[in-house]
Each structure stands twice: as C-alpha cells, then as structure tokens.
Amino acid sequence: MKITTTVSRILLGVIFAFAGASVFFLIANPPPLPPGLAGAFQDVFFKSGWVLFVDCVELITGLLLLTNRFVPLALVVLAAVIANILTFHITMMPAGLPVALFVTLLWTVTALPYRSTFAPLLVWRPEPVENSSAALRAEHARG
C-alpha cells in the first residue's frame, strides 16, 4: 500500500506541477475556446486573471507533493481545486471527465493514509483550545 500511495502522490504532484507551470506558457497564448458555456467560462478565467491564482496554487501544491512536504495541507488545498475541476467537467465539458476522475482517484489514494490527520477537520462542534501554545507544548512533550 505504501508504494501505491507514494506513486499516487508523485503522479498527482507531477500533474499539478505541470498544470500550474503551464500558466507561464498559456497566459500569453490561451488555448482556443471550446464551444458553448465552457468557452465563455474559459474566456473569463483567462481575461480576469483568475487562471494565475489557480495555476499558482496548482504549482505550489504539486511541488509540495513532489517534495513530500506539508502533504496534508497540499491535499486539503487540492481538494478544492479538484472539486472545481470536477464541477466544470460535469456541468460544462463532459469530454474531460475521465481525466478529472483519474485525478480524483489519485487524490483519494494519496489522502487515505492521512485520514487521522483530517479527522479533526470533521468534528461537528469543536471546542476551542484556551491556551493553544500550552496545548502544543504539552502535545510536543508527549510524543
């Protein structure tokens, strides 16, 4: 399982690092607009500069995954990016859905070993920590 997770993390990192780096090539020469609503969306995506933000996020998270640093953080951020990719392909451009589903599968395989890291994010009503620095010192001393 560890090999599968590592391969998934690296593939996901490569995909998003290259997708993010593409901004340096595509911003001056955006690809031709697809027909319909997907084309209108892509036009706004590039003309507004939103593509710069998204591609920088993709590049940074891809590099984090490739270097095996801050992987849970990269996965949380990529979850939002992937949710938007899936929504785009489900609603506007179904032809790209297989690739979006493959990326989602890679994300899931990569994220599974981090379930315990994500568990605190899913607490219905978390209690705030009164003295967070003291709690961090105590936790650090325990293990």
# chains A, B, ... in the order shown; residues from 1 in each chain; ligands from 1

$ residues_around --residues "Phe18 of chain A" --least-positions-apart "5" --cutoff "9 Å" --atoms "only C-alpha atoms" --output "VMD selection string"
chain A and resid 13 58 to 59 62

$ write_last_selection --atoms "N, CA and C atoms" --output "mmCIF file, in the first residue's frame"
data_model
loop_
_atom_site.group_PDB
_atom_site.id
_atom_site.type_symbol
_atom_site.label_atom_id
_atom_site.label_comp_id
_atom_site.auth_asym_id
_atom_site.auth_seq_id
_atom_site.Cartn_x
_atom_site.Cartn_y
_atom_site.Cartn_z
ATOM 1 N N GLY A 13 1.449 15.020 -7.897
ATOM 2 C CA GLY A 13 2.374 16.158 -7.871
ATOM 3 C C GLY A 13 2.836 16.564 -9.252
ATOM 4 N N GLU A 58 -1.929 25.403 -7.996
ATOM 5 C CA GLU A 58 -1.617 24.074 -8.531
ATOM 6 C C GLU A 58 -0.111 23.820 -8.524
ATOM 7 N N LEU A 59 0.666 24.794 -8.945
ATOM 8 C CA LEU A 59 2.119 24.644 -8.983
ATOM 9 C C LEU A 59 2.689 24.420 -7.580
ATOM 10 N N GLY A 62 1.539 21.052 -6.188
ATOM 11 C CA GLY A 62 2.230 19.989 -6.911
ATOM 12 C C GLY A 62 3.662 19.826 -6.418
#

$ closest_atom_pairs --of "segment 50-71 of chain A" --to "segment 96-118 of chain A" --cutoff "12 Å" --atoms "only C-alpha atoms" --output "tab-separated table"
residue	atom	partner	partner_atom	distance
A:Thr61	CA	A:Trp107	CA	12.0
A:Gly62	CA	A:Trp107	CA	11.5
A:Leu65	CA	A:Thr110	CA	9.6
A:Leu66	CA	A:Thr110	CA	12.0
A:Asn68	CA	A:Thr110	CA	11.3
A:Phe70	CA	A:Tyr114	CA	11.4
A:Val71	CA	A:Ala111	CA	8.7

$ closest_residue --among "A:Leu12, A:Trp50, A:Pro34, A:Phe45" --to "Ala79 of chain A" --atoms "only C-alpha atoms"
A:Leu12

$ closest_residue --among "A:Val57, A:Ala141, A:Gly20, A:Thr4" --to "Leu78 of chain A" --atoms "only C-alpha atoms"
A:Val57

$ closest_residue --among "A:Leu73, A:Ile27, A:Ala95, A:Leu122" --to "Phe53 of chain A" --atoms "only C-alpha atoms"
A:Ile27

$ residues_around --residues "Pro35 of chain A" --least-positions-apart "4" --cutoff "10 Å" --atoms "only C-alpha atoms" --output "VMD selection string"
chain A and resid 39 to 40 92 to 93

$ atom_distance --atom1 "atom CA of Leu11 of chain A" --atom2 "atom CA of Ile60 of chain A"
14.7 Å

$ select_by_dssp --residues "chain A" --states "alpha helix (DSSP H)" --output "number ranges by chain"
A: 2-21, 23-26, 37-47, 50-67, 71-91, 97-111, 115-118, 132-142

$ atom_distance --atom1 "atom CA of Val77 of chain A" --atom2 "atom CA of Leu64 of chain A"
11.1 Å
